[in-house]
2 protein chains.
Amino acid sequence: MPERVGKYTIKITNDVNIHCSVGIAGKKEGEGPLGKYFDVAFNDDKLGQPTWEKAESTLQTTAVDILLKKAELTTNDIDIIFAGDLLNQCISSTFGLRELNIPLFGQYGACSTMAQTIALGSIFVDSGAAGRAVAVTSSHFCSAERQFRLPIEYGGQRTPTAQWTVTGSGAALIDRSCIGASVKCITVGKIKDLQIKDANNMGAAMAPAAADTISCFLSDTGTTPEDYDLILTGDLGKLGSELLIELLQRDGIDISKNHNDCGMLIYDLEGQDVHSGGSGCGCSGSVFCSHIMQRINSGELNKVLFIATGALMSPTSSQQGESIPGIAHLVAVSSCGGG
Amino acid sequence: MPERVGKYTIKITNDVNIHCSVGIAGKKEGEGPLGKYFDVAFNDDKLGQPTWEKAESTLQTTAVDILLKKAELTTNDIDIIFAGDLLNQCISSTFGLRELNIPLFGQYGACSTMAQTIALGSIFVDSGAAGRAVAVTSSHFCSAERQFRLPIEYGGQRTPTAQWTVTGSGAALIDRSCIGASVKCITVGKIKDLQIKDANNMGAAMAPAAADTISCFLSDTGTTPEDYDLILTGDLGKLGSELLIELLQRDGIDISKNHNDCGMLIYDLEGQDVHSGGSGCGCSGSVFCSHIMQRINSGELNKVLFIATGALMSPTSSQQGESIPGIAHLVAVSSCGGG
């Protein structure tokens, strides 16, 4: 049963596990340093679909399909699915999951969605509201680019601080099977807005939210960065990660030794022309649900903090002169038997 | 602690209450049959803001502000807020709530969001994951119209099956104070898609989802429509409500005697030129959180099923030839001391 710890953290008290997980990716991601860890890396970013949006939906369909096969379950065994994406009205999730006939709560946390959906799934399973929950999210470079920035065909020059939206999806099955990694704690983030207005500098917009959530979690649990093998942010990218480390250092918290970022891990920052790194719900989704979960399951990593970060803006809000508020949700995961 | 009942229903076992609630509305809604029940009805639909989107954000800010004043609480007393709206990337919620500094999980359930946020808040409070939760949603005629349909200035002719997006917001405080109405059960809906493609006939697109959720709930709990004083759907409007009654009748379930719909209640369907009735997250939000909750709190209604319905589409998905899948989430509420 979930239990509140400190002001902002929720402790999962039963043995709630990420039983298994799936990370799938597109061509560019498959060619990156994590290529071999993905369950699937598609060579055709359209996945045989007529539009980029339908291709993104197919990423989610595929991720959940593989997840259920891995767990040897059917859709009928799943009590609830938490899903979300970046597209207007979350259509990747709707059209990717509509055939499943599983109760669904649509989520919107921008690029923080993977942590948000795992958090909700874990709280539902811990409390008994669900026996098995699925968490899933996706993003697609082409559907995001044309929705948030410019038509693909325009071939606009990207600024040095820009990030590259990952074509990918992550899915996780949460249950009480005592298999996989244990979910230990959740810290739900608050909106933080330091008035960043540059839509090509999402890392800077999201770093203050990540700093706040990490700081609240450490304070609530009375732990320090050294207590964790890895502090993994969602997709701050290179610039945002530097800012995060600096912001926390001002509060006397040093995460420089064990911090990494999904947006930096997924691409070869020098060789793949992605500027500040990867972004999108599918970035932290595919990285956490493949490479990181594999390292936890193998025992290479024991205690991991996963903090997915989201930039809560739309082209409309930016056109109306609004800043880009950030949010970050934290999930603390341990390898089975870990503390 | 939440407990699963049957295949799809979650029973709330502690005394979890909608401690208080707030419904606010725009000018047209204020002039409708429920005008006197809203906490506020604004005469200026721009609420003094430069854009319709910022006006919609202000609806949420105002609703939560009044809610906290009613409950004599501050933002610091709230553990989590569940919020969502219809705008791309849910910007009404982000910009309406960013100053609050309350942990937030953004929700997307289209017009089903009021039931979805109350459901999540109730499960969090029942399980101990939160002591106090706030559920909030909004919609605005002008921001929705120009995003989903046509520029306001165009003055397009509306079809007879069209619904009118409500300018309004609903907010509810959920806690264990033993004040207000009790939340008894939750049924999370599944996506239902009967291949309706007419974006001016949302009621038809959502009715099958409402029928499925109601049918699952009655079956899971072994109850019949006669056990409830009111079966209130979100915003099916006139046409969708007729379809819902017909669909359920085919399964031998007769809700014709105690069914009503927020979209039919909020306007004078004959006198206010709204065709099939109201729609939008703010429709079921403002109606349930004002008029209906007031009738429950006064004891006039004892057992109420609130089923908010959502149409999970975007202009992009419709332009790409997709149908309009529907979803409906159910919250069963009883007056305090009720069964």
# chains A, B, ... in the order shown; residues from 1 in each chain; ligands from 1
$ calpha_fit_and_write --fixed "chain A" --moving "chain B" --output "short mmCIF file (atom, residue, chain, number, x, y, z; two decimals) with C-alpha atoms, in the first residue's frame"
data_model
loop_
_atom_site.label_atom_id
_atom_site.label_comp_id
_atom_site.auth_asym_id
_atom_site.auth_seq_id
_atom_site.Cartn_x
_atom_site.Cartn_y
_atom_site.Cartn_z
CA MET B 1 0.00 0.00 0.00
CA PRO B 2 1.49 3.38 -0.94
CA GLU B 3 2.75 5.42 2.00
CA ARG B 4 3.75 9.07 2.04
CA VAL B 5 7.34 9.82 2.99
CA GLY B 6 8.28 13.42 3.69
CA LYS B 7 6.42 16.13 1.82
CA TYR B 8 6.50 14.90 -1.77
CA THR B 9 7.47 11.23 -1.96
CA ILE B 10 5.30 8.13 -2.13
CA LYS B 11 6.83 4.87 -0.92
CA ILE B 12 5.74 1.63 -2.59
CA THR B 13 5.51 -0.85 0.27
CA ASN B 14 4.54 -4.08 -1.48
CA ASP B 15 6.85 -5.94 -3.81
CA VAL B 16 5.83 -4.12 -6.99
CA ASN B 17 7.94 -4.94 -10.03
CA ILE B 18 8.63 -3.87 -13.54
CA HIS B 19 8.14 -7.47 -14.59
CA CYS B 20 9.44 -6.84 -18.07
CA SER B 21 9.90 -3.96 -20.46
CA VAL B 22 10.39 -3.22 -24.12
CA GLY B 23 12.29 -0.46 -25.90
CA ILE B 24 11.84 -0.02 -29.62
CA ALA B 25 13.42 2.51 -31.90
CA GLY B 26 13.79 3.94 -35.38
CA LYS B 27 16.67 3.77 -37.83
CA LYS B 28 18.83 6.59 -36.46
CA GLU B 29 18.42 5.31 -32.90
CA GLY B 30 19.22 1.78 -34.06
CA GLU B 31 22.46 3.09 -35.52
CA GLY B 32 23.38 4.82 -32.26
CA PRO B 33 25.38 3.49 -29.32
CA LEU B 34 22.35 1.71 -27.78
CA GLY B 35 21.26 0.07 -31.05
CA LYS B 36 21.95 -3.48 -29.92
CA TYR B 37 19.89 -3.14 -26.74
CA PHE B 38 16.53 -2.29 -28.33
CA ASP B 39 14.00 -5.08 -28.76
CA VAL B 40 13.41 -3.82 -32.30
CA ALA B 41 15.00 -1.05 -34.36
CA PHE B 42 12.97 -0.34 -37.49
CA ASN B 43 14.87 0.43 -40.69
CA ASP B 44 11.84 2.17 -42.19
CA ASP B 45 10.75 5.07 -39.99
CA LYS B 46 7.30 4.94 -41.60
CA LEU B 47 6.84 1.35 -40.37
CA GLY B 48 4.90 0.68 -43.56
CA GLN B 49 2.26 3.28 -42.66
CA PRO B 50 0.98 6.08 -44.91
CA THR B 51 1.69 8.90 -42.39
CA TRP B 52 4.22 9.70 -39.67
CA GLU B 53 1.43 9.85 -37.09
CA LYS B 54 0.19 6.37 -37.96
CA ALA B 55 3.83 5.19 -37.86
CA GLU B 56 4.11 6.56 -34.32
CA SER B 57 0.91 4.75 -33.31
CA THR B 58 2.42 1.57 -34.70
CA LEU B 59 5.44 2.06 -32.44
CA GLN B 60 3.11 1.83 -29.40
CA THR B 61 1.15 -1.09 -30.85
CA THR B 62 4.41 -2.95 -31.47
CA ALA B 63 5.86 -2.16 -28.04
CA VAL B 64 2.80 -3.45 -26.18
CA ASP B 65 2.54 -6.47 -28.46
CA ILE B 66 6.15 -7.50 -27.75
CA LEU B 67 5.69 -6.75 -24.04
CA LEU B 68 2.72 -9.11 -23.74
CA LYS B 69 4.54 -11.82 -25.71
CA LYS B 70 7.60 -11.51 -23.44
CA ALA B 71 5.42 -11.85 -20.35
CA GLU B 72 3.36 -14.65 -21.94
CA LEU B 73 0.17 -12.72 -21.27
CA THR B 74 -2.81 -11.59 -23.33
CA THR B 75 -4.59 -8.23 -23.31
CA ASN B 76 -7.23 -9.84 -21.12
CA ASP B 77 -4.66 -10.21 -18.31
CA ILE B 78 -4.01 -6.46 -18.07
CA ASP B 79 -6.24 -4.40 -15.78
CA ILE B 80 -5.21 -0.94 -16.91
CA ILE B 81 -2.94 0.86 -19.33
CA PHE B 82 -1.44 4.32 -18.78
CA ALA B 83 -0.34 5.85 -22.08
CA GLY B 84 0.60 9.20 -23.51
CA ASP B 85 2.60 10.94 -26.19
CA LEU B 86 3.48 14.36 -27.57
CA LEU B 87 0.98 14.64 -30.39
CA ASN B 88 -2.08 16.89 -30.19
CA GLN B 89 -4.79 15.05 -28.22
CA CYS B 90 -2.38 12.12 -27.71
CA ILE B 91 -3.46 10.42 -30.93
CA SER B 92 -0.45 8.07 -31.07
CA SER B 93 -1.72 6.40 -27.92
CA THR B 94 -5.38 6.38 -28.93
CA PHE B 95 -4.88 4.90 -32.37
CA GLY B 96 -1.98 2.68 -31.32
CA LEU B 97 -3.91 1.07 -28.46
CA ARG B 98 -7.56 1.19 -29.54
CA GLU B 99 -7.75 -2.49 -30.54
CA LEU B 100 -6.52 -3.73 -27.15
CA ASN B 101 -9.79 -3.43 -25.22
CA ILE B 102 -7.85 -2.63 -22.03
CA PRO B 103 -9.12 0.10 -19.63
CA LEU B 104 -7.04 3.19 -20.40
CA PHE B 105 -6.21 6.45 -18.64
CA GLY B 106 -4.54 8.79 -21.13
CA GLN B 107 -1.61 10.74 -19.71
CA TYR B 108 0.02 14.00 -20.65
CA GLY B 109 3.39 14.78 -19.15
CA ALA B 110 5.23 15.76 -22.34
CA CYS B 111 8.60 13.97 -22.28
CA SER B 112 8.11 13.01 -18.61
CA THR B 113 5.40 10.52 -19.63
CA MET B 114 7.45 7.32 -19.20
CA ALA B 115 8.11 8.07 -15.51
CA GLN B 116 4.52 9.29 -15.04
CA THR B 117 2.98 6.14 -16.49
CA ILE B 118 5.32 3.81 -14.53
CA ALA B 119 4.53 5.81 -11.38
CA LEU B 120 0.77 5.51 -11.85
CA GLY B 121 1.01 1.83 -12.74
CA SER B 122 3.10 1.17 -9.63
CA ILE B 123 0.70 3.02 -7.33
CA PHE B 124 -2.29 1.18 -8.82
CA VAL B 125 -0.60 -2.21 -8.39
CA ASP B 126 0.71 -1.42 -4.90
CA SER B 127 -2.73 -0.33 -3.74
CA GLY B 128 -4.66 -3.20 -5.27
CA ALA B 129 -6.49 -0.96 -7.77
CA ALA B 130 -4.89 -3.10 -10.49
CA GLY B 131 -3.28 -6.51 -10.56
CA ARG B 132 -1.26 -5.79 -13.68
CA ALA B 133 -0.69 -2.41 -15.32
CA VAL B 134 1.04 -1.42 -18.53
CA ALA B 135 2.87 1.89 -19.00
CA VAL B 136 3.64 3.00 -22.54
CA THR B 137 4.74 6.07 -24.45
CA SER B 138 6.21 7.06 -27.80
CA SER B 139 7.57 9.84 -29.94
CA HIS B 140 8.53 10.14 -33.60
CA PHE B 141 10.98 12.61 -35.08
CA CYS B 142 8.88 13.44 -38.12
CA SER B 143 5.47 13.76 -36.42
CA ALA B 144 6.98 15.90 -33.64
CA GLU B 145 9.08 18.05 -35.95
CA ARG B 146 6.22 19.08 -38.15
CA GLN B 147 3.84 19.60 -35.24
CA PHE B 148 6.16 21.57 -32.96
CA ARG B 149 8.68 23.15 -35.29
CA LEU B 150 8.81 23.23 -39.09
CA PRO B 151 7.77 21.07 -42.04
CA ILE B 152 10.33 18.31 -42.55
CA GLU B 153 10.70 19.29 -46.21
CA TYR B 154 11.76 22.80 -45.21
CA GLY B 155 15.08 21.44 -43.94
CA GLY B 156 15.52 24.26 -41.42
CA GLN B 157 18.91 24.80 -39.81
CA ARG B 158 18.96 23.61 -36.18
CA THR B 159 20.48 25.67 -33.38
CA PRO B 160 23.36 24.22 -31.30
CA THR B 161 21.09 23.86 -28.24
CA ALA B 162 18.39 21.97 -30.16
CA GLN B 163 17.61 18.34 -29.38
CA TRP B 164 16.58 15.59 -31.78
CA THR B 165 13.19 13.97 -31.13
CA VAL B 166 13.69 10.24 -30.79
CA THR B 167 11.67 7.85 -32.92
CA GLY B 168 10.92 5.21 -30.36
CA SER B 169 8.65 3.75 -27.74
CA GLY B 170 8.99 2.27 -24.29
CA ALA B 171 6.56 -0.09 -22.58
CA ALA B 172 6.66 -1.63 -19.13
CA LEU B 173 4.56 -4.27 -17.40
CA ILE B 174 4.06 -3.64 -13.69
CA ASP B 175 2.79 -6.35 -11.38
CA ARG B 176 3.54 -8.24 -8.18
CA SER B 177 5.19 -11.22 -9.83
CA CYS B 178 8.49 -10.84 -7.92
CA ILE B 179 10.21 -10.90 -11.32
CA GLY B 180 12.22 -7.98 -12.66
CA ALA B 181 13.13 -4.71 -10.97
CA SER B 182 11.37 -3.37 -7.86
CA VAL B 183 9.73 0.04 -7.83
CA LYS B 184 10.57 1.59 -4.46
CA CYS B 185 9.50 5.24 -4.49
CA ILE B 186 7.72 7.85 -6.60
CA THR B 187 8.15 11.63 -6.44
CA VAL B 188 5.55 13.52 -8.46
CA GLY B 189 6.99 16.73 -9.88
CA LYS B 190 5.70 20.30 -9.72
CA ILE B 191 5.63 22.73 -12.63
CA LYS B 192 8.77 24.90 -12.60
CA ASP B 193 8.99 27.93 -14.85
CA LEU B 194 12.16 29.99 -15.02
CA GLN B 195 10.83 31.91 -18.03
CA ILE B 196 12.89 30.13 -20.69
CA LYS B 197 11.24 30.98 -24.01
CA ASP B 198 13.55 29.35 -26.55
CA ALA B 199 11.77 26.29 -28.00
CA ASN B 200 15.19 25.15 -29.24
CA ASN B 201 16.55 24.98 -25.72
CA MET B 202 14.29 22.52 -23.94
CA GLY B 203 17.09 21.25 -21.72
CA ALA B 204 17.35 24.64 -20.03
CA ALA B 205 13.56 24.79 -19.62
CA MET B 206 13.40 21.36 -17.95
CA ALA B 207 16.58 21.36 -15.80
CA PRO B 208 15.04 23.40 -12.91
CA ALA B 209 12.15 20.93 -12.65
CA ALA B 210 14.55 17.98 -12.55
CA ALA B 211 16.65 19.72 -9.89
CA ASP B 212 13.56 20.38 -7.77
CA THR B 213 12.25 16.81 -7.99
CA ILE B 214 15.64 15.22 -7.22
CA SER B 215 16.18 17.59 -4.33
CA CYS B 216 12.71 16.86 -2.87
CA PHE B 217 13.24 13.11 -3.22
CA LEU B 218 16.64 13.12 -1.49
CA SER B 219 15.32 15.30 1.29
CA ASP B 220 12.14 13.20 1.77
CA THR B 221 14.05 9.93 1.89
CA GLY B 222 17.11 11.17 3.76
CA THR B 223 19.38 9.72 1.10
CA THR B 224 22.29 11.20 -0.87
CA PRO B 225 23.36 10.85 -4.52
CA GLU B 226 26.05 8.35 -3.46
CA ASP B 227 23.29 5.95 -2.38
CA TYR B 228 22.40 5.38 -6.05
CA ASP B 229 24.32 3.65 -8.81
CA LEU B 230 22.74 5.84 -11.44
CA ILE B 231 20.74 9.07 -11.46
CA LEU B 232 19.22 9.04 -14.91
CA THR B 233 17.36 12.06 -16.25
CA GLY B 234 14.90 11.78 -19.11
CA ASP B 235 16.07 13.96 -21.89
CA LEU B 236 17.80 17.10 -20.72
CA GLY B 237 20.48 16.56 -23.33
CA LYS B 238 24.02 17.83 -22.94
CA LEU B 239 23.23 21.43 -22.11
CA GLY B 240 20.34 20.68 -19.77
CA SER B 241 22.41 18.08 -17.94
CA GLU B 242 25.18 20.60 -17.30
CA LEU B 243 22.60 23.04 -15.97
CA LEU B 244 21.04 20.39 -13.72
CA ILE B 245 24.39 19.52 -12.17
CA GLU B 246 25.11 23.20 -11.60
CA LEU B 247 21.67 23.92 -10.09
CA LEU B 248 21.97 21.04 -7.63
CA GLN B 249 25.56 21.97 -6.74
CA ARG B 250 24.28 25.36 -5.57
CA ASP B 251 22.16 23.43 -3.04
CA GLY B 252 25.13 21.34 -1.99
CA ILE B 253 24.00 18.24 -3.91
CA ASP B 254 26.63 16.67 -6.15
CA ILE B 255 25.26 14.26 -8.75
CA SER B 256 28.16 14.75 -11.19
CA LYS B 257 29.68 11.33 -10.45
CA ASN B 258 26.62 9.15 -11.11
CA HIS B 259 24.38 11.23 -13.36
CA ASN B 260 23.59 10.38 -16.94
CA ASP B 261 20.82 11.38 -19.33
CA CYS B 262 18.77 9.32 -21.80
CA GLY B 263 19.14 12.11 -24.39
CA MET B 264 22.92 11.84 -24.22
CA LEU B 265 23.03 8.04 -24.16
CA ILE B 266 20.83 7.32 -27.17
CA TYR B 267 22.92 9.08 -29.82
CA ASP B 268 26.59 9.56 -30.60
CA LEU B 269 26.50 13.30 -29.94
CA GLU B 270 29.54 13.94 -32.11
CA GLY B 271 28.89 11.57 -34.96
CA GLN B 272 25.10 11.68 -35.40
CA ASP B 273 24.52 15.45 -35.83
CA VAL B 274 21.98 15.65 -33.02
CA HIS B 275 23.40 18.76 -31.35
CA SER B 276 22.42 18.67 -27.65
CA GLY B 277 21.08 15.08 -27.75
CA GLY B 278 17.78 13.21 -27.92
CA SER B 279 14.35 14.25 -26.66
CA GLY B 280 10.72 13.15 -26.84
CA CYS B 281 8.69 10.71 -24.74
CA GLY B 282 10.22 7.89 -26.77
CA CYS B 283 13.74 8.91 -25.71
CA SER B 284 13.54 8.14 -22.00
CA GLY B 285 10.92 5.49 -22.81
CA SER B 286 13.08 3.45 -25.15
CA VAL B 287 16.33 3.95 -23.21
CA PHE B 288 14.95 3.17 -19.74
CA CYS B 289 12.84 0.23 -20.93
CA SER B 290 15.70 -1.44 -22.80
CA HIS B 291 19.35 -0.63 -21.91
CA ILE B 292 18.77 0.58 -18.35
CA MET B 293 16.29 -2.12 -17.35
CA GLN B 294 18.63 -4.74 -18.84
CA ARG B 295 21.48 -3.41 -16.68
CA ILE B 296 19.25 -3.46 -13.59
CA ASN B 297 18.01 -6.98 -14.32
CA SER B 298 21.55 -8.26 -14.84
CA GLY B 299 22.59 -6.84 -11.47
CA GLU B 300 25.07 -4.44 -13.05
CA LEU B 301 23.03 -1.59 -11.61
CA ASN B 302 21.31 -1.95 -8.27
CA LYS B 303 19.69 1.33 -7.23
CA VAL B 304 18.59 3.69 -9.98
CA LEU B 305 16.70 6.99 -9.92
CA PHE B 306 14.82 7.57 -13.18
CA ILE B 307 13.70 11.17 -13.59
CA ALA B 308 11.89 11.81 -16.87
CA THR B 309 11.55 15.48 -17.72
CA GLY B 310 8.87 17.28 -19.73
CA ALA B 311 8.54 20.70 -21.36
CA LEU B 312 4.90 21.74 -21.04
CA MET B 313 4.43 23.97 -24.06
CA SER B 314 2.61 24.04 -27.37
CA PRO B 315 3.31 26.06 -30.53
CA THR B 316 0.21 28.11 -29.61
CA SER B 317 1.47 28.99 -26.13
CA SER B 318 4.88 29.95 -27.56
CA GLN B 319 3.28 32.07 -30.29
CA GLN B 320 1.31 33.85 -27.56
CA GLY B 321 4.57 34.82 -25.84
CA GLU B 322 4.44 32.23 -23.08
CA SER B 323 7.52 30.69 -21.48
CA ILE B 324 8.21 26.94 -21.39
CA PRO B 325 7.38 25.47 -17.98
CA GLY B 326 9.08 22.20 -17.10
CA ILE B 327 8.09 19.20 -15.00
CA ALA B 328 9.96 16.08 -13.85
CA HIS B 329 8.68 12.91 -12.21
CA LEU B 330 10.94 10.47 -10.35
CA VAL B 331 10.75 6.70 -10.02
CA ALA B 332 13.26 4.94 -7.76
CA VAL B 333 13.96 1.39 -8.94
CA SER B 334 16.11 -1.35 -7.45
CA SER B 335 17.24 -4.67 -8.80
CA CYS B 336 15.33 -7.56 -7.24
CA GLY B 337 16.55 -8.18 -3.74
CA GLY B 338 18.05 -4.68 -3.71
CA GLY B 339 17.28 -2.24 -0.91
#
$ select_by_dssp --residues "stretch 160-212 of chain A" --states "alpha helix (DSSP H)" --output "list in words"
Met202, Gly203, Ala204, Ala205, Met206, Ala207, Pro208, Ala209, Ala210, Ala211 and Asp212 of chain A
$ select_by_dssp --residues "stretch 214-307 of chain A" --states "strand (DSSP E)" --output "NGL selection string"
:A and (230-233 or 259-261 or 278-279 or 303-307)
